[in-house]
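A.B. asks: My structure is in coords.cif, and what it holds is mmCIF, C-alpha atoms and all ligand atoms:
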data_run
loop_
_atom_site.label_atom_id
_atom_site.label_comp_id
_atom_site.auth_asym_id
_atom_site.auth_seq_id
_atom_site.Cartn_x
_atom_site.Cartn_y
_atom_site.Cartn_z
CA MET A 283 -8.05 -26.10 -2.87
CA GLY A 284 -9.45 -25.19 -6.26
CA LEU A 285 -6.60 -22.96 -7.41
CA THR A 286 -6.23 -22.63 -11.17
CA ASN A 287 -4.09 -20.30 -13.22
CA GLN A 288 -4.60 -18.06 -16.20
CA SER A 289 -2.98 -14.91 -17.49
CA THR A 290 -4.90 -11.74 -18.27
CA GLY A 291 -4.43 -9.09 -20.91
CA SER A 292 -3.87 -6.34 -18.39
CA SER A 293 -0.91 -4.08 -18.85
CA LEU A 294 1.09 -1.15 -17.63
CA LEU A 295 0.43 1.86 -19.81
CA GLY A 296 2.71 4.85 -19.37
CA ASN A 297 2.86 5.45 -15.65
CA ASN A 298 -0.41 3.76 -14.80
CA ILE A 299 -1.34 0.17 -14.23
CA VAL A 300 -4.50 -0.28 -16.28
CA ILE A 301 -6.80 -3.12 -15.37
CA ASP A 302 -9.47 -3.83 -17.93
CA ARG A 303 -12.26 -4.51 -15.47
CA THR A 304 -14.76 -5.35 -18.17
CA SER A 305 -12.77 -8.43 -19.18
CA CYS A 306 -11.40 -9.25 -15.72
CA HIS A 307 -14.06 -10.55 -13.39
CA GLY A 308 -12.66 -11.09 -9.94
CA SER A 309 -11.04 -9.52 -6.95
CA ILE A 310 -8.03 -7.31 -7.69
CA ILE A 311 -5.06 -8.10 -5.48
CA ALA A 312 -1.98 -5.86 -5.41
CA LEU A 313 1.35 -7.48 -4.65
CA SER A 314 3.69 -4.81 -3.33
CA GLY A 315 6.91 -4.75 -1.31
CA ASN A 316 10.52 -3.67 -1.23
CA PRO A 317 12.73 -4.77 -4.15
CA ASN A 318 14.02 -8.36 -4.12
CA VAL A 319 11.78 -9.74 -1.37
CA GLY A 320 10.13 -12.47 -3.47
CA LYS A 321 7.04 -10.73 -4.91
CA SER A 322 7.43 -12.30 -8.34
CA THR A 323 8.11 -15.70 -6.76
CA VAL A 324 4.80 -15.41 -4.86
CA PHE A 325 3.14 -14.18 -8.06
CA ASN A 326 4.47 -17.09 -10.14
CA SER A 327 3.51 -19.67 -7.51
CA LEU A 328 -0.07 -18.45 -7.33
CA THR A 329 -0.69 -17.72 -11.02
CA GLY A 330 1.52 -20.37 -12.67
CA LEU A 331 3.03 -17.62 -14.80
CA ASN A 332 6.70 -16.94 -15.27
CA GLN A 333 7.56 -13.43 -14.12
CA HIS A 334 11.28 -12.75 -14.06
CA THR A 335 12.86 -13.62 -10.71
CA GLY A 336 16.49 -13.53 -9.63
CA ASN A 337 18.71 -12.47 -6.83
CA TRP A 338 19.13 -8.76 -7.56
CA PRO A 339 16.75 -5.87 -6.94
CA GLY A 340 14.77 -4.10 -9.66
CA LYS A 341 13.97 -7.08 -11.90
CA THR A 342 10.31 -6.30 -12.18
CA VAL A 343 10.18 -2.95 -13.95
CA THR A 344 6.64 -3.05 -15.27
CA ALA A 345 3.60 -4.42 -13.51
CA CYS A 346 2.33 -7.82 -14.55
CA CYS A 347 -1.12 -9.30 -14.01
CA GLY A 348 -2.09 -12.92 -13.56
CA LYS A 349 -5.15 -14.80 -12.51
CA TYR A 350 -5.88 -17.60 -10.05
CA ARG A 351 -8.96 -19.22 -8.61
CA TYR A 352 -9.61 -20.01 -4.97
CA LYS A 353 -12.83 -21.37 -3.45
CA ASN A 354 -14.71 -20.72 -6.69
CA ASN A 355 -13.62 -17.09 -6.87
CA ASN A 356 -11.39 -15.34 -9.40
CA PHE A 357 -8.45 -13.28 -8.23
CA ILE A 358 -6.42 -10.95 -10.42
CA LEU A 359 -2.96 -10.60 -8.96
CA VAL A 360 -0.89 -7.54 -9.90
CA ASP A 361 2.88 -7.82 -9.42
CA ILE A 362 3.97 -4.21 -8.77
CA PRO A 363 7.61 -3.12 -9.17
CA GLY A 364 9.46 -3.12 -5.84
CA THR A 365 9.54 0.14 -3.83
CA TYR A 366 10.93 1.19 -0.46
CA SER A 367 8.15 3.70 0.13
CA LEU A 368 4.98 5.22 -1.29
CA MET A 369 6.31 8.76 -1.04
CA ALA A 370 6.55 8.97 -4.85
CA ASN A 371 10.26 9.66 -4.92
CA SER A 372 10.50 7.68 -8.18
CA ALA A 373 8.28 6.52 -11.05
CA GLU A 374 7.97 3.07 -9.42
CA GLU A 375 6.85 4.59 -6.13
CA GLU A 376 4.30 6.70 -7.97
CA ILE A 377 2.94 3.63 -9.77
CA ALA A 378 2.72 1.66 -6.52
CA ARG A 379 1.08 4.54 -4.63
CA ASP A 380 -1.45 5.24 -7.39
CA PHE A 381 -2.40 1.60 -7.71
CA VAL A 382 -2.96 1.12 -3.98
CA CYS A 383 -4.74 4.45 -3.57
CA PHE A 384 -6.76 4.96 -6.75
CA GLU A 385 -7.30 1.50 -8.26
CA ASN A 386 -8.85 0.48 -4.96
CA PRO A 387 -7.61 -3.13 -4.94
CA ASP A 388 -9.73 -5.58 -2.96
CA ALA A 389 -6.60 -6.47 -1.01
CA THR A 390 -2.96 -5.39 -0.98
CA VAL A 391 -0.36 -7.97 -0.04
CA VAL A 392 2.82 -6.33 1.21
CA VAL A 393 5.60 -8.87 0.77
CA THR A 394 8.41 -8.35 3.30
CA ASP A 395 11.83 -9.86 3.90
CA ALA A 396 11.88 -11.78 7.19
CA THR A 397 15.65 -11.28 7.48
CA CYS A 398 15.32 -7.46 7.68
CA LEU A 399 11.72 -6.99 8.68
CA GLU A 400 12.10 -3.66 10.43
CA ARG A 401 13.30 -1.92 7.27
CA ASN A 402 10.35 -3.41 5.35
CA LEU A 403 7.78 -2.34 7.92
CA ASN A 404 8.03 1.25 6.77
CA LEU A 405 6.23 0.34 3.54
CA VAL A 406 3.68 -1.69 5.52
CA LEU A 407 2.88 1.35 7.67
CA GLN A 408 2.57 3.61 4.64
CA THR A 409 0.25 1.09 3.00
CA ILE A 410 -2.05 0.66 6.00
CA GLU A 411 -2.29 4.43 6.13
CA ILE A 412 -3.93 4.32 2.69
CA THR A 413 -5.98 1.13 2.87
CA LYS A 414 -7.32 -1.16 5.57
CA LYS A 415 -7.39 -4.15 3.23
CA VAL A 416 -3.81 -5.30 3.78
CA VAL A 417 -2.17 -8.68 4.29
CA VAL A 418 1.48 -8.79 5.36
CA CYS A 419 3.47 -11.65 3.86
CA VAL A 420 6.68 -12.29 5.81
CA ASN A 421 8.64 -14.06 3.08
CA LEU A 422 12.12 -15.61 3.10
CA ILE A 423 11.22 -17.16 6.45
CA ASP A 424 13.63 -20.03 5.70
CA GLU A 425 16.51 -17.53 5.39
CA ALA A 426 15.49 -15.89 8.67
CA GLU A 427 15.41 -19.28 10.40
CA ARG A 428 18.85 -20.06 9.01
CA LYS A 429 20.09 -16.81 10.54
CA LYS A 430 18.34 -17.67 13.83
CA ILE A 431 15.95 -14.71 13.46
CA ARG A 432 12.61 -15.51 15.07
CA ILE A 433 9.52 -13.71 13.74
CA ASP A 434 6.49 -13.61 16.02
CA CYS A 435 3.63 -13.29 13.49
CA LYS A 436 1.02 -13.26 16.24
CA LYS A 437 2.68 -10.29 17.94
CA LEU A 438 3.04 -8.51 14.60
CA PHE A 439 -0.64 -9.09 13.91
CA ASP A 440 -1.49 -7.63 17.34
CA ARG A 441 0.65 -4.53 16.63
CA LEU A 442 -0.32 -3.94 12.99
CA GLY A 443 -3.95 -5.05 13.13
CA VAL A 444 -3.80 -6.83 9.76
CA PRO A 445 -3.17 -10.53 8.97
CA VAL A 446 0.48 -11.57 8.96
CA VAL A 447 1.54 -14.79 7.21
CA ALA A 448 5.05 -16.29 7.17
CA THR A 449 6.08 -17.83 3.84
CA ASN A 450 8.87 -19.42 1.90
CA ALA A 451 7.59 -18.64 -1.58
CA ARG A 452 10.29 -20.72 -3.24
CA SER A 453 9.04 -23.92 -1.56
CA ARG A 454 5.37 -22.80 -1.40
CA ARG A 455 5.42 -22.98 2.41
CA GLY A 456 2.69 -20.72 3.86
CA LEU A 457 1.15 -19.88 0.47
CA ASP A 458 -2.11 -21.71 1.21
CA GLU A 459 -2.46 -19.65 4.38
CA LEU A 460 -1.63 -16.49 2.43
CA THR A 461 -4.23 -17.32 -0.23
CA ASP A 462 -6.81 -17.87 2.48
CA ALA A 463 -5.97 -14.60 4.26
CA VAL A 464 -6.27 -12.72 0.93
CA TYR A 465 -9.61 -14.41 0.23
CA ASN A 466 -10.96 -13.37 3.64
CA ILE A 467 -9.88 -9.73 3.26
CA ALA A 468 -10.82 -9.34 -0.42
CA LEU A 469 -14.32 -10.75 0.10
CA GLY A 470 -14.82 -8.79 3.33
CA LEU A 471 -15.15 -11.94 5.44
CA VAL A 472 -12.57 -10.61 7.88
CA ARG A 473 -12.25 -6.95 8.78
CA THR A 474 -8.90 -5.55 9.78
CA ASN A 475 -8.20 -3.02 12.48
CA PRO A 476 -4.97 -1.40 11.26
CA LEU A 477 -2.70 0.52 13.56
CA GLU A 478 -3.53 4.19 13.11
CA ILE A 479 -0.57 6.47 12.52
CA ARG A 480 -1.13 9.56 14.68
CA TYR A 481 0.86 12.73 14.16
CA ASP A 482 1.50 15.46 16.68
CA GLU A 483 -1.48 17.52 17.75
CA THR A 484 -0.81 20.47 15.40
CA ILE A 485 -0.66 18.22 12.33
CA GLU A 486 -3.77 16.34 13.45
CA GLN A 487 -5.62 19.66 13.79
CA ALA A 488 -4.46 20.73 10.32
CA ILE A 489 -5.66 17.42 8.86
CA GLU A 490 -9.06 17.91 10.50
CA LEU A 491 -9.46 21.31 8.85
CA VAL A 492 -9.16 19.69 5.41
CA ARG A 493 -10.45 16.12 5.81
CA PRO A 494 -14.23 16.76 5.95
CA ILE A 495 -14.05 18.80 2.73
CA ILE A 496 -12.14 16.05 0.93
CA TRP A 497 -14.73 13.58 2.14
CA GLU A 498 -17.55 15.73 0.83
CA ILE A 499 -15.92 16.27 -2.57
CA THR A 500 -14.89 12.66 -3.13
CA GLY A 501 -17.96 11.03 -1.57
CA GLY A 502 -15.78 8.80 0.58
CA LYS A 503 -14.29 7.06 -2.48
CA ILE A 504 -10.73 7.60 -1.30
CA ASN A 505 -8.94 7.85 1.99
CA ASP A 506 -9.72 11.45 3.01
CA ARG A 507 -7.27 11.55 5.92
CA TRP A 508 -4.34 10.41 3.79
CA VAL A 509 -5.25 12.73 0.89
CA SER A 510 -5.51 15.67 3.32
CA LEU A 511 -2.03 14.98 4.63
CA LYS A 512 -0.62 14.77 1.09
CA LEU A 513 -2.29 18.04 0.08
CA LEU A 514 -0.91 19.76 3.18
CA ASP A 515 2.48 18.40 2.17
CA GLU A 516 1.97 19.98 -1.30
CA ASP A 517 2.59 16.64 -2.97
CA ALA A 518 2.22 17.71 -6.62
CA SER A 519 2.43 14.20 -8.05
CA MET A 520 -0.35 12.97 -5.75
CA LEU A 521 -2.50 15.99 -6.67
CA GLU A 522 -2.04 15.20 -10.36
CA SER A 523 -3.03 11.55 -9.83
CA LEU A 524 -5.97 12.56 -7.65
CA ASN A 525 -7.27 14.97 -10.29
CA LYS A 526 -6.90 12.30 -12.97
CA PHE A 527 -8.84 9.86 -10.78
CA LEU A 528 -11.60 12.38 -10.03
CA GLY A 529 -11.79 13.78 -13.56
CA PHE A 530 -11.67 17.36 -12.30
CA ASN A 531 -9.31 19.69 -10.52
CA ILE A 532 -10.01 19.38 -6.80
CA MET A 533 -8.26 22.70 -6.24
CA ASP A 534 -11.13 24.41 -8.08
CA TYR A 535 -13.12 24.08 -4.84
CA PRO A 536 -12.77 27.48 -3.05
CA MET A 537 -13.67 25.94 0.32
CA LEU A 538 -10.81 23.45 -0.02
CA ARG A 539 -8.31 26.16 -0.98
CA GLN A 540 -9.48 28.28 1.91
CA ASN A 541 -9.16 25.52 4.50
CA LEU A 542 -5.82 24.35 3.13
CA ASN A 543 -4.55 27.90 3.65
CA LYS A 544 -5.99 27.96 7.17
CA ALA A 545 -4.39 24.60 7.93
CA ARG A 546 -1.01 25.73 6.59
CA GLN A 547 -1.20 28.91 8.64
CA HIS A 548 -2.00 26.80 11.70
CA LEU A 549 1.08 24.66 11.03
CA GLU A 550 3.28 27.73 10.55
CA GLN A 551 1.96 29.43 13.69
CA ASN A 552 2.88 26.31 15.63
CA GLY A 553 6.40 26.13 14.27
CA ILE A 554 5.93 23.65 11.40
CA HIS A 555 7.14 25.30 8.20
CA PRO A 556 6.09 23.81 4.84
CA ASP A 557 9.54 22.31 4.15
CA GLN A 558 9.53 20.59 7.56
CA LEU A 559 6.20 18.82 7.27
CA ARG A 560 7.44 15.85 5.24
CA ASP A 561 10.28 15.17 7.69
CA ARG A 562 7.78 15.25 10.55
CA ILE A 563 5.50 12.83 8.71
CA VAL A 564 8.31 10.38 7.99
CA SER A 565 9.79 10.53 11.48
CA VAL A 566 6.40 9.93 13.12
CA SER A 567 5.89 6.81 10.97
CA TYR A 568 9.17 5.43 12.31
CA THR A 569 8.10 5.87 15.92
CA HIS A 570 5.28 3.39 15.27
CA LEU A 571 7.76 0.63 14.36
N1 LIG B 1 15.30 -18.78 0.24
C1 LIG B 1 14.28 -18.14 -0.30
N2 LIG B 1 14.45 -17.51 -1.48
C2 LIG B 1 13.38 -16.86 -2.00
C3 LIG B 1 12.12 -16.85 -1.39
N3 LIG B 1 11.27 -16.12 -2.15
C4 LIG B 1 11.98 -15.71 -3.21
N4 LIG B 1 13.25 -16.14 -3.13
C5 LIG B 1 14.36 -15.84 -4.03
O1 LIG B 1 14.67 -14.46 -3.86
C6 LIG B 1 15.10 -13.87 -5.09
C7 LIG B 1 14.24 -12.65 -5.40
O2 LIG B 1 12.91 -13.07 -5.71
P1 LIG B 1 11.94 -12.26 -6.70
O3 LIG B 1 10.65 -13.00 -6.69
O4 LIG B 1 12.58 -12.02 -7.98
O5 LIG B 1 11.83 -10.89 -5.89
P2 LIG B 1 10.98 -9.56 -6.29
O6 LIG B 1 10.46 -9.02 -5.00
O7 LIG B 1 10.00 -9.86 -7.34
O8 LIG B 1 12.15 -8.63 -6.82
P3 LIG B 1 12.00 -7.27 -7.72
O9 LIG B 1 11.12 -7.56 -8.86
O10 LIG B 1 13.42 -7.01 -8.12
O11 LIG B 1 11.48 -6.22 -6.80
C8 LIG B 1 14.99 -14.99 -6.13
O12 LIG B 1 16.27 -15.59 -6.27
C9 LIG B 1 14.01 -15.98 -5.49
O13 LIG B 1 14.22 -17.32 -5.93
C10 LIG B 1 11.98 -17.53 -0.13
O14 LIG B 1 10.93 -17.52 0.52
N5 LIG B 1 13.09 -18.16 0.34
MG MG B 2 9.79 -9.03 -9.24
#
Just give me the structure of the file as structure tokens.
Ligand SMILES: Nc1nc2c(ncn2[C@@H]2O[C@H](COP(=O)(O)OP(=O)(O)OP(=O)(O)O)[C@@H](O)[C@H]2O)c(=O)[nH]1
Ligand SMILES: [Mg+2]
C.D. replies:
Amino acid sequence: MGLTNQSTGSSLLGNNIVIDRTSCHGSIIALSGNPNVGKSTVFNSLTGLNQHTGNWPGKTVTACCGKYRYKNNNFILVDIPGTYSLMANSAEEEIARDFVCFENPDATVVVTDATCLERNLNLVLQTIEITKKVVVCVNLIDEAERKKIRIDCKKLFDRLGVPVVATNARSRRGLDELTDAVYNIALGLVRTNPLEIRYDETIEQAIELVRPIIWEITGGKINDRWVSLKLLDEDASMLESLNKFLGFNIMDYPMLRQNLNKARQHLEQNGIHPDQLRDRIVSVSYTHL
């Protein structure tokens, strides 16, 4: 299938994963997922490299890049440290969130554990809220089968609206299908139709007060709906990353400040106080599972 391996000189600098795009020609593929679900095993199988794997969570502490070829195209795979969410509750979550949001990978593979899929789907939902270019890898399928857990990938695909591939990364089962799904998404040959997370009416109205301004300022380069929600939630770490990405302070725009205030007033008037917004956001995500 024309898959060859090669490492790249890309690295994790400080809190950011830095891809040297001038020396890396190819599609950038993020490999994310909860800790200990087999991300590095998938990474090693595809790239031929030797990222640390083992049966305890938190082995991969810095991101690692590797290269593979498929159907005459180069792919740069980035093994991101495992996270349970993209809410930036830790440095790892911040790294994962910033890579998926601001590095604009050509595809993000969310590796999940087939034996406890429901818990893993939270990260999938948070990821498809940021990017449409997602492939879900249901790994450890052999363990699930051993425990008599049946995963209906077709049904999951219907619900999530992104490709879902079952794998046993240790034996390479399903990896050809995964490589093909990634190829199709990264090169835009297949478009996804991800499940849209909808919040209650008041939050949706608040988002709509901010979203068009974000779109105008950023020129559609980032997900305006998601950024609006994060700004309403006063997510300081996301604001810092956003400003770094843009190269200016987005809060310098008076129109944005004005509409954020309006949106926050609207939330307050309808009983959603600033410290309650995050809980509302998280609980709504769970209702989509
Ligand atoms: N049975 C089975 N074991 C697997 C599979 N994929 C990975 N493993 C094993 O699961 C353990 C964890 O795999 P890793 O690749 O290190 O997981 P990771 O997601 O990179 O973990 P962190 O870096 O800690 O987040 C290792 O012992 C792997 O050999 C699989 O599909 N089936
Ligand atoms: Mg790892």
A.B. asks: Show me which residues are within 6 Å of ligand MG 2 (chain B) counting all atoms listed in the file, and format the list as a list in words.
C.D. replies: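 Counting only what the definition allows, namely all atoms listed in the file, the set is Lys321, Ser322, Thr335, Lys341 and Thr342 of chain A.
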A.B. asks: Please, which residues have at least one atom within 10 Å of an atom of ligand LIG 1 (chain B), using all atoms listed in the file, listed as a PyMOL selection string?
C.D. replies: chain A and resi 313-327+333-345+361-366+393-396+420-426+428+448-456
A.B. asks: Skipping near chain neighbours, those fewer than 4 positions away, what residues fall within 9 Å of range 461-473 of chain A using only C-alpha atoms, listed as a list in words?
C.D. replies: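 Using only C-alpha atoms, the neighbours found are Ser309, Ile310, Ile311, Leu328, Tyr352, Lys353, Asn355, Phe357, Pro387, Asp388, Ala389, Thr390, Val391, Lys414, Lys415, Val416, Val417, Val444, Pro445, Val446, Val447, Gly456 and Leu457 of chain A.
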A.B. asks: Can you pull out the residues contacting range 482-488 of chain A? Cut-off 8 Å, using all atoms listed in the file, and skip same-chain residues under 6 positions away; I want them as a list in words.
C.D. replies: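 In the requested format, the answer is Ala545, Arg546, His548, Leu549 and Asn552 of chain A.
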A.B. asks: Go ahead and write the selection's residues with C-alpha atoms as a PDB file, keeping the file's coordinate frame.
C.D. replies:
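And here's part-v1.pdb as it stands now:
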ATOM      1  CA  ALA A 545      -4.390  24.600   7.930  1.00  0.00           C
ATOM      2  CA  ARG A 546      -1.010  25.730   6.590  1.00  0.00           C
ATOM      3  CA  HIS A 548      -2.000  26.800  11.700  1.00  0.00           C
ATOM      4  CA  LEU A 549       1.080  24.660  11.030  1.00  0.00           C
ATOM      5  CA  ASN A 552       2.880  26.310  15.630  1.00  0.00           C
TER       6      ASN A 552
END
A.B. asks: Given the choices A:Gln540, A:Gly443, A:Val509, A:Leu331, which gets closest to Glu522 in chain A if the distance is worked out from only C-alpha atoms?
C.D. replies: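 Between A:Gln540, A:Gly443, A:Val509, A:Leu331, the residue approaching Glu522 in chain A most closely is A:Val509.
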A.B. asks: Measure the distance from CA of Glu478 in chain A to CA of Pro494 in chain A in Å and round it to one decimal.
C.D. replies: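 These atoms are spaced 18.0 Å apart.
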A.B. asks: What does the distance between CA of Leu511 in chain A and CA of Val382 in chain A come to in Å, to one decimal place?
C.D. replies: 16.3 Å
A.B. asks: What is the distance, in Å and to one decimal place, between CA of Met537 in chain A and CA of Ile496 in chain A?
C.D. replies: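 CA of Ile496 in chain A lies at a distance of 10.0 Å from CA of Met537 in chain A.
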A.B. asks: Please report, as JSON, the centre and edge lengths in Å to one decimal of an axis-aligned box covering all listed atoms of range 482-488 of chain A with 8 Å per side.
C.D. replies:
{"center_x": -2.1, "center_y": 18.1, "center_z": 14.0, "size_x": 23.1, "size_y": 21.3, "size_z": 23.4}
A.B. asks: So which residues fall inside 12 Å of (10.7, 0.9, 5.8) if we count all atoms listed in the file? Mind giving them as an MDAnalysis selection string?
C.D. replies: chainID A and resid 315:317 365:369 392 394:395 398:409 564:565 567:571
A.B. asks: Go through A:Asp561, A:Glu385, A:Asp506, A:Asp534 one by one, measure the shortest atom-to-atom distance of each to Glu490 in chain A using only C-alpha atoms, and give the residue with the smallest value.
C.D. replies: A:Asp506
A.B. asks: Which residue, A:Lys436, A:Glu376, A:Gln547, A:Leu524, has the smallest gap to Asn505 in chain A when you use all atoms listed in the file?
C.D. replies: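 Counting all atoms listed in the file, the residue closest to Asn505 in chain A is A:Leu524.
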A.B. asks: Pick from A:Leu538, A:Leu477, A:Leu528, A:Ala378: nearest to Ile504 in chain A, with only C-alpha atoms counted?
C.D. replies: A:Leu528
